[in-house]
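Coordinates as given in start.txt (compact mmCIF, C-alpha atoms):
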# COMPACT_ATOMS: atom_id res chain seq x y z
CA MET O 219 86.55 25.36 -3.99
CA ARG O 220 87.62 21.70 -3.93
CA LYS O 221 87.79 21.82 -0.15
CA GLN O 222 84.16 22.94 0.18
CA TYR O 223 83.04 20.19 -2.21
CA LEU O 224 84.73 17.50 -0.09
CA VAL O 225 83.04 18.75 3.08
CA VAL O 226 79.58 18.55 1.44
CA VAL O 227 80.19 14.96 0.29
CA ILE O 228 81.27 13.87 3.76
CA VAL O 229 78.19 15.40 5.41
CA ILE O 230 75.78 13.78 2.91
CA PHE O 231 77.42 10.37 3.38
CA PHE O 232 77.10 10.65 7.16
CA GLN O 233 73.39 11.50 6.96
CA ILE O 234 72.60 8.52 4.73
CA THR O 235 74.57 6.15 6.94
CA ALA O 236 72.86 7.39 10.10
CA LYS O 237 69.45 6.97 8.53
CA THR O 238 70.04 3.35 7.50
CA GLN O 239 71.19 2.50 11.02
CA ASN O 240 67.64 3.19 12.25
CA ILE O 241 66.22 0.09 10.58
CA SER O 242 67.20 -3.56 10.18
CA TYR O 243 65.43 -6.61 8.73
CA THR O 244 65.63 -10.17 10.06
CA SER O 245 64.01 -13.28 8.59
CA ILE O 246 61.37 -14.91 10.81
CA ASP O 247 60.18 -18.52 11.16
CA MET O 248 56.48 -17.67 10.76
CA PRO O 249 55.03 -21.13 11.63
CA ALA O 250 57.14 -21.27 14.80
CA VAL O 251 55.97 -17.80 15.85
CA ALA O 252 52.34 -18.82 15.32
CA ARG O 253 52.77 -22.06 17.30
CA ASN O 254 54.26 -20.18 20.26
CA ALA O 255 51.80 -17.32 20.08
CA SER O 256 52.18 -14.79 22.88
CA MET O 257 49.42 -12.57 24.21
CA VAL O 258 50.76 -9.68 22.12
CA TYR O 259 50.68 -11.89 19.01
CA LYS O 260 47.06 -12.87 19.74
CA ARG O 261 46.14 -9.23 20.33
CA ASN O 262 47.59 -8.40 16.92
CA LEU O 263 45.45 -11.10 15.27
CA GLN O 264 42.40 -9.75 17.06
CA PHE O 265 43.09 -6.25 15.72
CA LEU O 266 43.54 -7.60 12.18
CA PHE O 267 40.35 -9.68 12.32
CA ASP O 268 38.36 -6.73 13.68
CA SER O 269 39.49 -4.66 10.69
CA PHE O 270 38.71 -7.54 8.30
CA ALA O 271 35.24 -7.96 9.81
CA GLY O 272 34.50 -4.23 9.63
CA TYR O 273 34.38 -3.61 13.38
CA ASP O 274 36.40 -0.43 12.88
CA LEU O 275 33.75 1.15 10.65
CA ASN O 276 31.45 3.89 11.89
CA GLU O 277 27.78 3.05 12.47
CA ARG O 278 26.60 4.26 9.06
CA GLU O 279 29.35 2.46 7.13
CA ALA O 280 28.88 -0.73 9.16
CA LYS O 281 25.13 -0.77 8.46
CA LYS O 282 25.68 -0.31 4.72
CA GLU O 283 28.29 -3.06 4.62
CA LYS O 284 26.04 -5.47 6.54
CA GLU O 285 23.19 -4.85 4.11
CA GLN O 286 25.43 -5.55 1.13
CA GLU O 287 26.85 -8.70 2.71
CA ALA O 288 23.38 -9.96 3.64
CA LEU O 289 22.44 -9.77 -0.06
CA GLN O 290 25.61 -11.68 -0.98
CA VAL O 291 24.79 -14.37 1.58
CA SER O 292 21.23 -14.67 0.24
CA GLU O 293 22.49 -15.08 -3.32
CA LEU O 294 25.13 -17.58 -2.21
CA LYS O 295 22.62 -19.77 -0.36
CA LYS O 296 20.24 -19.64 -3.31
CA ASN O 297 22.92 -20.80 -5.75
CA PHE O 298 24.03 -23.66 -3.53
CA SER O 299 20.50 -24.82 -2.65
CA SER O 300 19.58 -24.99 -6.33
CA GLY O 301 22.73 -26.87 -7.29
CA GLU O 302 22.20 -30.40 -8.54
CA LYS O 303 25.79 -31.61 -8.65
CA PHE O 304 28.74 -30.93 -6.39
CA PRO O 305 32.31 -32.20 -6.42
CA ASP O 306 32.84 -35.39 -4.37
CA THR O 307 35.97 -33.89 -2.84
CA ILE O 308 37.99 -30.68 -3.04
CA ALA O 309 41.46 -31.06 -4.51
CA SER O 310 44.48 -30.53 -2.27
CA GLY O 311 45.99 -27.08 -2.63
CA TRP O 312 45.09 -23.42 -2.16
CA HIS O 313 41.55 -22.20 -2.96
CA ARG O 314 39.68 -18.89 -2.88
CA VAL O 315 36.50 -19.24 -0.84
CA ALA O 316 33.57 -17.34 0.64
CA LEU O 317 33.62 -17.08 4.45
CA THR O 318 30.19 -16.43 5.97
CA ASP O 319 27.93 -16.83 9.01
CA ASN O 320 25.01 -17.56 6.63
CA LYS O 321 23.37 -14.32 7.79
CA ALA O 322 25.05 -10.96 7.25
CA PHE O 323 28.79 -11.69 7.22
CA TYR O 324 30.42 -12.42 3.85
CA LYS O 325 34.14 -12.11 3.16
CA ASP O 326 36.62 -13.50 0.66
CA ALA O 327 39.37 -15.70 2.08
CA THR O 328 41.95 -18.29 1.02
CA VAL O 329 42.28 -21.80 2.41
CA PHE O 330 44.68 -24.70 2.05
CA VAL O 331 43.04 -28.10 1.65
CA SER O 332 44.61 -31.50 2.22
CA LYS O 333 42.71 -34.80 2.27
CA ASN O 334 39.46 -32.88 1.83
CA ILE O 335 39.93 -30.95 5.10
CA ILE O 336 40.91 -27.28 5.53
CA GLN O 337 44.40 -27.01 7.02
CA GLN O 338 45.06 -23.25 6.77
CA LEU O 339 42.79 -20.19 6.73
CA VAL O 340 44.14 -16.89 5.38
CA ILE O 341 42.53 -13.44 5.34
CA GLU O 342 43.80 -10.26 3.68
CA ASP O 343 45.96 -12.44 1.38
CA CYS O 344 48.55 -13.09 4.11
CA ILE O 345 47.18 -13.27 7.68
CA ARG O 346 46.94 -16.86 8.97
CA LEU O 347 44.14 -17.29 11.51
CA PRO O 348 44.10 -19.99 14.20
CA PHE O 349 41.09 -22.27 13.80
CA THR O 350 39.74 -25.79 14.19
CA SER O 351 38.17 -27.77 11.35
CA LYS O 352 37.57 -31.49 11.80
CA ASP O 353 34.78 -32.01 9.30
CA LYS O 354 35.51 -33.11 5.76
CA ILE O 355 34.25 -30.85 2.99
CA LYS O 356 30.87 -32.01 1.69
CA ASN O 357 29.01 -30.55 -1.27
CA ALA O 358 31.73 -27.88 -1.48
CA VAL O 359 30.91 -26.56 2.02
CA THR O 360 32.42 -26.99 5.49
CA THR O 361 32.74 -25.09 8.78
CA VAL O 362 35.66 -23.68 10.77
CA THR O 363 35.79 -22.59 14.40
CA LEU O 364 38.05 -19.61 15.10
CA ASN O 365 40.46 -19.95 18.02
CA ASP O 366 41.73 -17.08 20.21
CA ILE O 367 39.58 -14.59 18.28
CA ASN O 368 36.89 -12.75 20.22
CA THR O 369 34.04 -12.33 17.73
CA GLU O 370 30.35 -13.00 17.23
CA TYR O 371 31.41 -15.02 14.17
CA GLU O 372 33.23 -17.79 16.04
CA VAL O 373 31.87 -20.55 13.79
CA LEU O 374 31.95 -19.74 10.09
CA ASN O 375 30.87 -21.56 6.95
CA VAL O 376 33.32 -21.96 4.09
CA TYR O 377 31.92 -22.17 0.57
CA PHE O 378 34.13 -23.31 -2.31
CA ILE O 379 32.36 -21.09 -4.81
CA ASN O 380 35.04 -21.42 -7.50
CA ASP O 381 35.27 -25.22 -7.47
CA LEU O 382 31.73 -26.23 -8.39
CA ASP O 383 32.31 -26.96 -12.08
CA SER O 384 36.02 -27.77 -12.00
CA THR O 385 39.00 -27.52 -9.67
CA SER O 386 40.27 -23.96 -9.22
CA LEU O 387 43.63 -23.66 -7.50
CA VAL O 388 45.40 -20.41 -6.66
CA ASN O 389 48.91 -19.47 -5.58
CA GLU O 390 49.93 -19.70 -1.96
CA PRO O 391 49.31 -16.37 -0.19
CA MET O 392 52.38 -14.41 0.85
CA GLN O 393 53.56 -14.38 4.43
CA PRO O 394 52.87 -11.31 6.58
CA GLY O 395 55.67 -9.22 8.02
CA TYR O 396 56.43 -7.79 11.44
CA VAL O 397 57.60 -4.42 12.63
CA CYS O 398 59.05 -3.67 16.06
CA PHE O 399 59.62 -0.17 17.39
CA TRP O 400 62.32 0.48 19.95
CA THR O 401 64.17 3.45 21.39
CA SER O 402 66.88 4.45 23.84
CA LYS O 403 65.54 8.01 24.10
CA LYS O 404 63.57 8.92 27.22
CA ASN O 405 61.39 11.45 25.42
CA TYR O 406 59.71 8.57 23.50
CA LEU O 407 58.89 6.59 26.65
CA HIS O 408 55.10 6.22 27.19
CA GLU O 409 54.40 7.89 23.85
CA ARG O 410 51.87 6.48 21.36
CA VAL O 411 52.56 4.65 18.09
CA ILE O 412 50.15 5.46 15.24
CA ILE O 413 50.28 3.39 12.02
CA ASN O 414 48.36 4.62 8.96
CA GLY O 415 46.19 6.68 11.27
CA ASN O 416 45.35 3.72 13.53
CA ILE O 417 46.24 4.31 17.18
CA ARG O 418 48.27 1.39 18.53
CA ASP O 419 50.39 0.80 21.64
CA PHE O 420 52.62 2.95 23.85
CA ILE O 421 56.40 2.73 23.97
CA ASN O 422 56.80 1.14 27.42
CA LYS O 423 60.48 0.26 27.61
CA LEU O 424 63.89 1.71 26.77
CA HIS O 425 66.60 -0.38 25.12
CA GLU O 426 70.25 0.63 25.13
CA GLU O 427 71.03 -1.86 22.35
CA GLU O 428 68.97 -3.20 19.45
CA PRO O 429 66.60 -5.82 20.90
CA GLU O 430 65.56 -9.14 19.41
CA CYS O 431 62.36 -9.20 17.37
CA MET O 432 59.30 -9.66 19.57
CA GLU O 433 61.34 -9.39 22.76
CA PRO O 434 59.11 -9.00 25.86
CA GLY O 435 58.22 -5.37 26.44
CA LEU O 436 58.75 -4.48 22.78
CA SER O 437 55.93 -3.00 20.68
CA PHE O 438 55.52 -5.23 17.61
CA TYR O 439 52.85 -5.59 14.94
CA ILE O 440 51.82 -8.15 12.32
CA LEU O 441 51.16 -6.34 9.04
CA LYS O 442 50.48 -7.05 5.41
CA PRO O 443 53.61 -6.39 3.31
CA GLY O 444 53.68 -2.87 1.93
CA LYS O 445 54.50 0.72 2.83
CA TYR O 446 53.03 2.43 5.89
CA LYS O 447 52.94 5.87 7.45
CA LEU O 448 54.20 6.19 11.00
CA ARG O 449 53.51 8.83 13.59
CA VAL O 450 54.84 8.76 17.12
CA THR O 451 53.69 11.30 19.65
CA ARG O 452 56.65 12.84 21.39
CA THR O 453 56.90 15.44 24.12
CA GLY O 454 57.29 18.75 22.34
CA ASN O 455 57.24 17.41 18.79
CA ASP O 456 55.56 14.43 17.06
CA ARG O 457 57.67 12.33 14.74
CA GLU O 458 56.32 11.39 11.31
CA ALA O 459 58.00 8.92 8.95
CA SER O 460 57.30 5.88 6.78
CA PHE O 461 58.45 2.27 6.75
CA GLU O 462 58.14 -0.84 4.60
CA VAL O 463 57.00 -4.27 5.77
CA LYS O 464 58.47 -7.23 3.86
CA PRO O 465 56.99 -10.77 3.76
CA GLY O 466 58.53 -13.18 6.22
CA MET O 467 60.74 -10.46 7.70
CA CYS O 468 60.85 -8.56 10.97
CA LEU O 469 61.67 -4.87 10.71
CA ARG O 470 63.32 -3.36 13.78
CA TYR O 471 62.75 0.37 13.66
CA ARG O 472 64.71 2.62 15.97
CA LEU O 473 62.98 5.81 17.08

Before anything else, please render the file you have as structure tokens.
Amino acid sequence: MRKQYLVVVIVIFFQITAKTQNISYTSIDMPAVARNASMVYKRNLQFLFDSFAGYDLNEREAKKEKEQEALQVSELKKNFSSGEKFPDTIASGWHRVALTDNKAFYKDATVFVSKNIIQQLVIEDCIRLPFTSKDKIKNAVTTVTLNDINTEYEVLNVYFINDLDSTSLVNEPMQPGYVCFWTSKKNYLHERVIINGNIRDFINKLHEEEPECMEPGLSFYILKPGKYKLRVTRTGNDREASFEVKPGMCLRYRL
């Protein structure tokens, strides 16, 4: 009886160990990655902005969202045009703002201000977008020009809606995380990665050993920290699992 019990314990221990060997986390220098942005990195930002802007909605949902946002823009412009007093400058620090094209695009965002100029633009509470902003903030409004983002909303207006009466600072948004998928198994080659139901890239390369994060030829994604569902199409049998993205970390997930 004792002999059987020992065998069961050994088998369970082996299964747990094997499972943990499929994933590893490494800290990432996020600003350095952004400065040396590769084409894959830029493609990731494009995907994230498209989702933020509602480009992934069906025609009916997109129309409804545009109508709602047009009303928000109208109300926003009315409030600012009727304002009699605005802050001379916006305090340095993080602020919640309204991001709009002054027509039918209205989204919440977070910005970092220094010397009355926007220095960082963050969507989805963690995704830093590349942009240019040379104008100082005047009457609690300024503009930003998006870089490396293909969109009809290239130039956007930023309204400091929470700073009209008094300074309103918020906490710095968290950093995003990364996930890289790799495999040494031929039956995963050229198969599709699907994250939370969103179809992403193919597995295009085999690795005999664990690769570095964001190594050329490796499928990697910028994601908001949290838990995600994974599905990978595989010849004969799809694989379904889950994974967790952590802020400022790169998850290497072995298939």

Inset, instruction - With a distance cut-off of 10 Å and all atoms listed in the file, select the neighbouring residues of stretch 322-325 of chain O, excluding the residue or stretch itself and same-chain residues fewer than 3 positions from it, and output the selection as number ranges by chain. - result: O: 270-272, 283-292, 294, 315-319, 341-342, 371, 374-376

Inset, instruction - Taking (60.3, 8.4, 24.9) in the file's own coordinates, collect the residues within 12 Å, counting only C-alpha atoms, and hand them back as a ChimeraX atom specification. - result: /O:399-411,420-425,450-457,472-473

Same residues, C-alpha atoms, saved as a PDB file, in the coordinates of the input:
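The file below, selection-v4.pdb, is the result:
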ATOM      1  CA  PHE O 399      59.620  -0.170  17.390  1.00  0.00           C
ATOM      2  CA  TRP O 400      62.320   0.480  19.950  1.00  0.00           C
ATOM      3  CA  THR O 401      64.170   3.450  21.390  1.00  0.00           C
ATOM      4  CA  SER O 402      66.880   4.450  23.840  1.00  0.00           C
ATOM      5  CA  LYS O 403      65.540   8.010  24.100  1.00  0.00           C
ATOM      6  CA  LYS O 404      63.570   8.920  27.220  1.00  0.00           C
ATOM      7  CA  ASN O 405      61.390  11.450  25.420  1.00  0.00           C
ATOM      8  CA  TYR O 406      59.710   8.570  23.500  1.00  0.00           C
ATOM      9  CA  LEU O 407      58.890   6.590  26.650  1.00  0.00           C
ATOM     10  CA  HIS O 408      55.100   6.220  27.190  1.00  0.00           C
ATOM     11  CA  GLU O 409      54.400   7.890  23.850  1.00  0.00           C
ATOM     12  CA  ARG O 410      51.870   6.480  21.360  1.00  0.00           C
ATOM     13  CA  VAL O 411      52.560   4.650  18.090  1.00  0.00           C
ATOM     14  CA  PHE O 420      52.620   2.950  23.850  1.00  0.00           C
ATOM     15  CA  ILE O 421      56.400   2.730  23.970  1.00  0.00           C
ATOM     16  CA  ASN O 422      56.800   1.140  27.420  1.00  0.00           C
ATOM     17  CA  LYS O 423      60.480   0.260  27.610  1.00  0.00           C
ATOM     18  CA  LEU O 424      63.890   1.710  26.770  1.00  0.00           C
ATOM     19  CA  HIS O 425      66.600  -0.380  25.120  1.00  0.00           C
ATOM     20  CA  VAL O 450      54.840   8.760  17.120  1.00  0.00           C
ATOM     21  CA  THR O 451      53.690  11.300  19.650  1.00  0.00           C
ATOM     22  CA  ARG O 452      56.650  12.840  21.390  1.00  0.00           C
ATOM     23  CA  THR O 453      56.900  15.440  24.120  1.00  0.00           C
ATOM     24  CA  GLY O 454      57.290  18.750  22.340  1.00  0.00           C
ATOM     25  CA  ASN O 455      57.240  17.410  18.790  1.00  0.00           C
ATOM     26  CA  ASP O 456      55.560  14.430  17.060  1.00  0.00           C
ATOM     27  CA  ARG O 457      57.670  12.330  14.740  1.00  0.00           C
ATOM     28  CA  ARG O 472      64.710   2.620  15.970  1.00  0.00           C
ATOM     29  CA  LEU O 473      62.980   5.810  17.080  1.00  0.00           C
TER      30      LEU O 473
END

Legend entry - For atom CA of O:Lys260 and atom CA of O:Phe378, the interatomic separation in Å (one decimal):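 About the pair atom CA of O:Lys260 and atom CA of O:Phe378: they are 27.6 Å apart.
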
Inset, instruction - Calculate how many Å separate atom CA of O:Phe265 from atom CA of O:Tyr243, rounding to one decimal. - result: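 Going from atom CA of O:Phe265 over to atom CA of O:Tyr243, I get 23.4 Å.
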
Inset, instruction - Skip O:Tyr446 itself and residues of its chain fewer than 4 positions away, then list as a PyMOL selection string all residues within 8 Å of it, counting only C-alpha atoms. - result: chain O and resi 413-414+460-463

Legend entry - Atomic separation - atom CA of O:Arg253 relative to atom CA of O:Glu428, Å: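 Spanning atom CA of O:Glu428 to atom CA of O:Arg253 is a straight-line distance of 25.0 Å.
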
Inset, instruction - Give the answer as one residue: which of O:Glu433, O:Glu277, O:Asp326, O:Glu370 has the shortest atom-to-atom distance to O:Val340, using all atoms listed in the file? - result: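 Among the listed residues, the smallest separation from O:Val340 belongs to O:Asp326.
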
Inset, instruction - Taking (49.5, -17.5, 10.0) in the file's own coordinates, collect the residues within 8 Å, counting only C-alpha atoms, and hand them back as a PyMOL selection string. - result: chain O and resi 248-249+252+338-340+344-348+393-394

How about completing stretch 431-458 of chain O with N, CA and C atoms and giving it to me as a short mmCIF file (atom, residue, chain, number, x, y, z; two decimals), keeping the file's coordinate frame?
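As a result, rebuild-v3.cif now contains:
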data_model
loop_
_atom_site.label_atom_id
_atom_site.label_comp_id
_atom_site.auth_asym_id
_atom_site.auth_seq_id
_atom_site.Cartn_x
_atom_site.Cartn_y
_atom_site.Cartn_z
N CYS O 431 63.75 -9.37 17.82
CA CYS O 431 62.36 -9.20 17.37
C CYS O 431 61.41 -9.86 18.37
N MET O 432 60.34 -9.16 18.68
CA MET O 432 59.30 -9.66 19.57
C MET O 432 59.80 -9.96 20.98
N GLU O 433 60.84 -9.27 21.39
CA GLU O 433 61.34 -9.39 22.76
C GLU O 433 60.28 -8.86 23.72
N PRO O 434 60.10 -9.49 24.89
CA PRO O 434 59.11 -9.00 25.86
C PRO O 434 59.30 -7.52 26.16
N GLY O 435 58.18 -6.80 26.18
CA GLY O 435 58.22 -5.37 26.44
C GLY O 435 58.40 -4.53 25.20
N LEU O 436 58.53 -5.19 24.04
CA LEU O 436 58.75 -4.48 22.78
C LEU O 436 57.43 -4.36 22.01
N SER O 437 57.14 -3.19 21.48
CA SER O 437 55.93 -3.00 20.68
C SER O 437 56.15 -3.60 19.29
N PHE O 438 55.38 -4.64 18.95
CA PHE O 438 55.52 -5.23 17.61
C PHE O 438 54.15 -5.48 17.00
N TYR O 439 54.12 -5.49 15.66
CA TYR O 439 52.85 -5.59 14.94
C TYR O 439 52.98 -6.52 13.75
N ILE O 440 51.92 -7.31 13.51
CA ILE O 440 51.82 -8.15 12.32
C ILE O 440 51.13 -7.30 11.26
N LEU O 441 51.73 -7.19 10.09
CA LEU O 441 51.16 -6.34 9.04
C LEU O 441 51.30 -7.00 7.68
N LYS O 442 50.40 -6.63 6.79
CA LYS O 442 50.48 -7.05 5.41
C LYS O 442 51.65 -6.34 4.74
N PRO O 443 52.46 -7.05 3.96
CA PRO O 443 53.61 -6.39 3.31
C PRO O 443 53.18 -5.17 2.51
N GLY O 444 53.98 -4.13 2.61
CA GLY O 444 53.68 -2.87 1.93
C GLY O 444 54.29 -1.70 2.68
N LYS O 445 53.97 -0.49 2.22
CA LYS O 445 54.50 0.72 2.83
C LYS O 445 53.45 1.35 3.75
N TYR O 446 53.92 1.88 4.88
CA TYR O 446 53.03 2.43 5.89
C TYR O 446 53.54 3.79 6.36
N LYS O 447 52.59 4.59 6.85
CA LYS O 447 52.94 5.87 7.45
C LYS O 447 52.99 5.69 8.96
N LEU O 448 54.00 6.29 9.56
CA LEU O 448 54.20 6.19 11.00
C LEU O 448 54.15 7.56 11.64
N ARG O 449 53.49 7.62 12.77
CA ARG O 449 53.51 8.83 13.59
C ARG O 449 53.68 8.42 15.04
N VAL O 450 54.61 9.04 15.71
CA VAL O 450 54.84 8.76 17.12
C VAL O 450 54.74 10.07 17.88
N THR O 451 53.82 10.09 18.84
CA THR O 451 53.69 11.30 19.65
C THR O 451 54.94 11.43 20.51
N ARG O 452 55.43 12.62 20.62
CA ARG O 452 56.65 12.84 21.39
C ARG O 452 56.54 14.18 22.12
N THR O 453 56.98 14.21 23.33
CA THR O 453 56.90 15.44 24.12
C THR O 453 57.57 16.60 23.38
N GLY O 454 56.76 17.57 23.02
CA GLY O 454 57.29 18.75 22.34
C GLY O 454 57.20 18.70 20.84
N ASN O 455 57.23 17.48 20.25
CA ASN O 455 57.24 17.41 18.79
C ASN O 455 56.96 15.98 18.32
N ASP O 456 55.85 15.77 17.58
CA ASP O 456 55.56 14.43 17.06
C ASP O 456 56.52 14.08 15.94
N ARG O 457 56.79 12.79 15.82
CA ARG O 457 57.67 12.33 14.74
C ARG O 457 56.82 11.65 13.69
N GLU O 458 57.03 12.01 12.42
CA GLU O 458 56.32 11.39 11.31
C GLU O 458 57.35 10.81 10.34
#
